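**Q** Before we start, here is the structure in question, set down as structure tokens.
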Amino acid sequence: MAETTINVTVPATTANLGAGFDCIGAALTLYNKFSFTKAKELSFYVTGAEAERVKADESNLAYQAFVKLYEHIGQVPPPVRIGIELGVPLARGLGSSATAIVGGLVGANKLAGSPVSEADVMNLAIAIEGHPDNVVPALIGGCRLAATYEQNWAICDIPWHESIVPVVAIPDFELSTAEARRVLPTQVSRADAIFNAAHLGLLIRALQTGDGDWLKAALQDRLHQPYRQGLIRGFDLVQGAALEAGAWGLVISGAGPTLLALVDKAQAAGVEKSMAAAWHSTGVMADVRSLSIDTQGAK
Ligand SMILES: Nc1ncnc2c1ncn2[C@@H]1O[C@H](COP(=O)(O)OP(=O)(O)OP(=O)(O)O)[C@@H](O)[C@H]1O
Ligand SMILES: N[C@@H](CCO)C(=O)O
């Protein structure tokens, strides 16, 4: 009998975009690929940079998500051979864990004959990750805002103006999301809450219109970045370099340490160069790239 292999490609994501802590994220044109083939026993074949760091046993996050989908439909998960081709660097704030969760859920659903709706796959993904801002755009693409509504999620798309280029600077050191969440306060002042509400509203309009003055003001945050900057060696220098080279603003991508500059197309090449040079001057090698917004999500 012919082997059936399910292939799932999942985009990287950049969460928060400054003021949208834990609620907004955008899919980027950088991908992890997962394959699932029924087999006699569980096995893994992982390729790409840092492949040896991905767990190749039952604790693998893509496999755990795969199992969760089968538990959800009340079936025993079949043994599978899981192939993982890494294009998204691990623990850098580009949603690598979200790709694994979405890849495992979508792969399992397809292998089981698609019994679970996309909305329920999304709910499972959010429950596993704990917040929606990476898994939602990883699953359906685009820039997305997620808000709870009673027991459900209201998900809306945020139009992204074509003139805005996301430039990511990915350093050669890691920062786990768990560590970057540990430094956050559990309570914030009313002034900071108002600041972020206003800036998130402005950010959404600025992304939609491409208004540079609004973007400059909008890319500020008081809920997470002030506490996390100290965990990212060279933050001030790279931010200064990006702004000087003409970026509208710079934020921490997800939980970091990748830094994301939003830039007009005409300035992108110069901003890339300046960010790489600034990090290099502190002894950090950074992979700096201009990307685009992925509009398809997992496929
Ligand atoms: N392709 C993969 N397959 C299996 N597990 C993965 C894969 N990619 C990431 N992981 C798991 O996710 C962990 C990284 O998750 P973490 O939330 O710390 O970072 P991130 O998702 O890259 O960043 P952020 O959530 O800030 O965007 C890895 O250490 C690994 O356990
Ligand atoms: N919103 C999350 C994204 C990382 O998973 C955070 O900043 O901690």
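The way I read the labels, and the way they are meant: chains A, B, ... in the order of the structure tokens, residue 1 as the first residue of every chain, and ligand 1 as the first ligand shown, with later ones counted on from there.
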Pick out the residues sitting within 12 Å of Asn60 in chain A, and hand them over as a PyMOL selection string; count only C-alpha atoms, and ignore anything fewer than 3 positions along from it in its own chain.
**A** chain A and resi 42-46+53-57+63-67+82-84+97+100-101+103-104
**Q** So which residues touch Val136 in chain A within 12 Å, counting only C-alpha atoms, skipping near sequence neighbours fewer than 2 positions away, as number ranges by chain?
**A** A: 10-15, 22-27, 95, 98-99, 101-102, 118-127, 129-134, 138-147, 153-157, 295-298
**Q** Output N, CA and C atoms of each residue in that selection to a file, as a short mmCIF file (atom, residue, chain, number, x, y, z; two decimals), in the first residue's frame.
**A**
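Dumped to part-v3.cif:
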```cif
data_model
loop_
_atom_site.label_atom_id
_atom_site.label_comp_id
_atom_site.auth_asym_id
_atom_site.auth_seq_id
_atom_site.Cartn_x
_atom_site.Cartn_y
_atom_site.Cartn_z
N VAL A 10 4.54 26.04 7.67
CA VAL A 10 3.98 27.02 8.62
C VAL A 10 4.90 28.25 8.71
N PRO A 11 4.34 29.46 8.58
CA PRO A 11 5.18 30.66 8.63
C PRO A 11 5.64 31.04 10.04
N ALA A 12 6.77 31.71 10.08
CA ALA A 12 7.22 32.39 11.31
C ALA A 12 6.23 33.53 11.60
N THR A 13 6.25 34.01 12.83
CA THR A 13 5.37 35.12 13.20
C THR A 13 6.12 36.09 14.11
N THR A 14 5.70 37.35 14.02
CA THR A 14 6.24 38.34 14.95
C THR A 14 5.08 38.83 15.81
N ALA A 15 5.18 38.62 17.11
CA ALA A 15 4.07 38.95 18.01
C ALA A 15 4.31 40.29 18.69
N ASP A 22 0.66 40.28 23.62
CA ASP A 22 -0.16 39.06 23.75
C ASP A 22 -1.46 39.07 22.95
N CYS A 23 -1.66 40.05 22.05
CA CYS A 23 -2.93 40.03 21.31
C CYS A 23 -2.79 40.27 19.81
N ILE A 24 -1.64 40.74 19.32
CA ILE A 24 -1.52 40.99 17.88
C ILE A 24 -0.25 40.32 17.37
N GLY A 25 -0.31 39.83 16.14
CA GLY A 25 0.88 39.21 15.55
C GLY A 25 0.72 39.15 14.05
N ALA A 26 1.86 39.02 13.36
CA ALA A 26 1.82 38.98 11.89
C ALA A 26 2.68 37.81 11.40
N ALA A 27 2.18 37.15 10.34
CA ALA A 27 2.92 36.03 9.74
C ALA A 27 3.96 36.59 8.78
N GLY A 95 8.35 32.98 16.75
CA GLY A 95 7.24 32.02 16.78
C GLY A 95 7.60 30.61 16.37
N ALA A 98 5.20 28.25 17.91
CA ALA A 98 3.88 28.30 17.27
C ALA A 98 3.88 27.47 15.98
N THR A 99 4.99 27.48 15.24
CA THR A 99 5.03 26.67 14.00
C THR A 99 4.89 25.19 14.36
N ILE A 101 3.44 23.87 17.04
CA ILE A 101 2.08 23.58 17.53
C ILE A 101 1.11 23.51 16.34
N VAL A 102 1.18 24.52 15.48
CA VAL A 102 0.27 24.56 14.33
C VAL A 102 0.58 23.40 13.38
N GLU A 118 -11.35 24.50 11.23
CA GLU A 118 -10.21 25.40 11.41
C GLU A 118 -10.36 26.21 12.71
N ALA A 119 -11.60 26.60 13.03
CA ALA A 119 -11.82 27.39 14.25
C ALA A 119 -11.43 26.57 15.48
N ASP A 120 -11.75 25.27 15.47
CA ASP A 120 -11.39 24.45 16.64
C ASP A 120 -9.89 24.15 16.68
N VAL A 121 -9.28 24.00 15.49
CA VAL A 121 -7.81 23.84 15.47
C VAL A 121 -7.18 25.08 16.09
N MET A 122 -7.74 26.24 15.77
CA MET A 122 -7.20 27.49 16.32
C MET A 122 -7.36 27.52 17.85
N ASN A 123 -8.53 27.12 18.33
CA ASN A 123 -8.74 27.10 19.79
C ASN A 123 -7.76 26.16 20.48
N LEU A 124 -7.53 24.99 19.86
CA LEU A 124 -6.56 24.05 20.45
C LEU A 124 -5.17 24.67 20.47
N ALA A 125 -4.80 25.34 19.37
CA ALA A 125 -3.46 25.95 19.27
C ALA A 125 -3.28 27.02 20.34
N ILE A 126 -4.31 27.85 20.53
CA ILE A 126 -4.21 28.92 21.54
C ILE A 126 -4.08 28.31 22.93
N ALA A 127 -4.85 27.24 23.18
CA ALA A 127 -4.80 26.60 24.50
C ALA A 127 -3.40 26.03 24.77
N GLU A 129 -0.44 27.01 23.33
CA GLU A 129 0.58 28.08 23.43
C GLU A 129 0.33 29.00 24.63
N GLY A 130 -0.94 29.19 24.99
CA GLY A 130 -1.25 30.03 26.15
C GLY A 130 -1.60 31.46 25.79
N HIS A 131 -1.28 31.88 24.58
CA HIS A 131 -1.68 33.21 24.09
C HIS A 131 -1.81 33.10 22.57
N PRO A 132 -2.65 33.99 21.98
CA PRO A 132 -3.01 33.79 20.56
C PRO A 132 -2.12 34.44 19.52
N ASP A 133 -1.23 35.36 19.96
CA ASP A 133 -0.62 36.27 18.98
C ASP A 133 0.34 35.61 17.99
N ASN A 134 0.92 34.46 18.30
CA ASN A 134 1.75 33.75 17.32
C ASN A 134 0.94 32.70 16.55
N ALA A 138 0.09 32.26 12.43
CA ALA A 138 0.79 31.08 11.89
C ALA A 138 -0.22 30.16 11.20
N LEU A 139 -1.43 30.08 11.74
CA LEU A 139 -2.45 29.20 11.15
C LEU A 139 -3.13 29.83 9.93
N ILE A 140 -3.50 31.11 10.03
CA ILE A 140 -4.32 31.67 8.94
C ILE A 140 -3.63 32.81 8.17
N GLY A 141 -2.40 33.16 8.54
CA GLY A 141 -1.65 34.18 7.81
C GLY A 141 -2.10 35.60 8.12
N GLY A 142 -1.39 36.57 7.54
CA GLY A 142 -1.74 37.98 7.70
C GLY A 142 -1.34 38.53 9.05
N CYS A 143 -1.80 39.75 9.31
CA CYS A 143 -1.62 40.38 10.61
C CYS A 143 -2.96 40.27 11.32
N ARG A 144 -2.97 39.74 12.54
CA ARG A 144 -4.24 39.41 13.20
C ARG A 144 -4.28 39.91 14.64
N LEU A 145 -5.46 40.31 15.02
CA LEU A 145 -5.71 40.69 16.41
C LEU A 145 -6.68 39.67 17.00
N ALA A 146 -6.41 39.23 18.21
CA ALA A 146 -7.30 38.25 18.85
C ALA A 146 -7.76 38.79 20.19
N ALA A 147 -9.05 38.73 20.42
CA ALA A 147 -9.62 39.21 21.69
C ALA A 147 -10.62 38.18 22.20
N TRP A 153 -13.00 33.35 20.94
CA TRP A 153 -12.06 34.36 20.48
C TRP A 153 -12.66 35.10 19.31
N ALA A 154 -12.58 36.42 19.34
CA ALA A 154 -12.90 37.21 18.15
C ALA A 154 -11.56 37.49 17.47
N ILE A 155 -11.45 37.09 16.22
CA ILE A 155 -10.19 37.25 15.49
C ILE A 155 -10.44 38.22 14.35
N CYS A 156 -9.63 39.26 14.22
CA CYS A 156 -9.83 40.11 13.05
C CYS A 156 -8.52 40.38 12.34
N ASP A 157 -8.65 40.65 11.04
CA ASP A 157 -7.44 40.91 10.27
C ASP A 157 -7.11 42.40 10.33
N THR A 295 0.46 35.84 3.68
CA THR A 295 -0.99 36.03 3.76
C THR A 295 -1.75 34.70 3.80
N GLN A 296 -1.03 33.58 3.71
CA GLN A 296 -1.74 32.29 3.62
C GLN A 296 -1.78 31.49 4.91
N GLY A 297 -0.75 31.64 5.74
CA GLY A 297 -0.69 30.81 6.93
C GLY A 297 -0.28 29.38 6.61
N ALA A 298 -0.68 28.44 7.49
CA ALA A 298 -0.25 27.04 7.32
C ALA A 298 -0.87 26.46 6.05
#
```
**Q** Restricting the calculation to only C-alpha atoms and all ligand atoms, which member of A:Gln229, A:Asn32, A:Thr209, A:Asn7 is positioned closest to ligand 1?
**A**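 Ranking A:Gln229, A:Asn32, A:Thr209, A:Asn7 by distance to ligand 1, first place goes to A:Asn32.
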**Q** Hey, can you check how far CA of Leu259 in chain A sits from atom 7 (O, counted along the ligand's line) of ligand 2?
**A**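 Interatomic distance here is 12.3 Å.
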**Q** Of the candidates A:Arg228, A:Arg289, A:Arg81, A:His199, which shows the shortest atom-to-atom distance to ligand 2, using only C-alpha atoms and all ligand atoms?
**A**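 The answer is A:Arg228, which sits nearest to ligand 2.
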**Q** Leaving out Ser163 in chain A and any residue of its chain fewer than 5 positions from it, which residues lie within 8 Å of it when counting only C-alpha atoms, given as a ChimeraX atom specification?
**A** /A:210,264-265
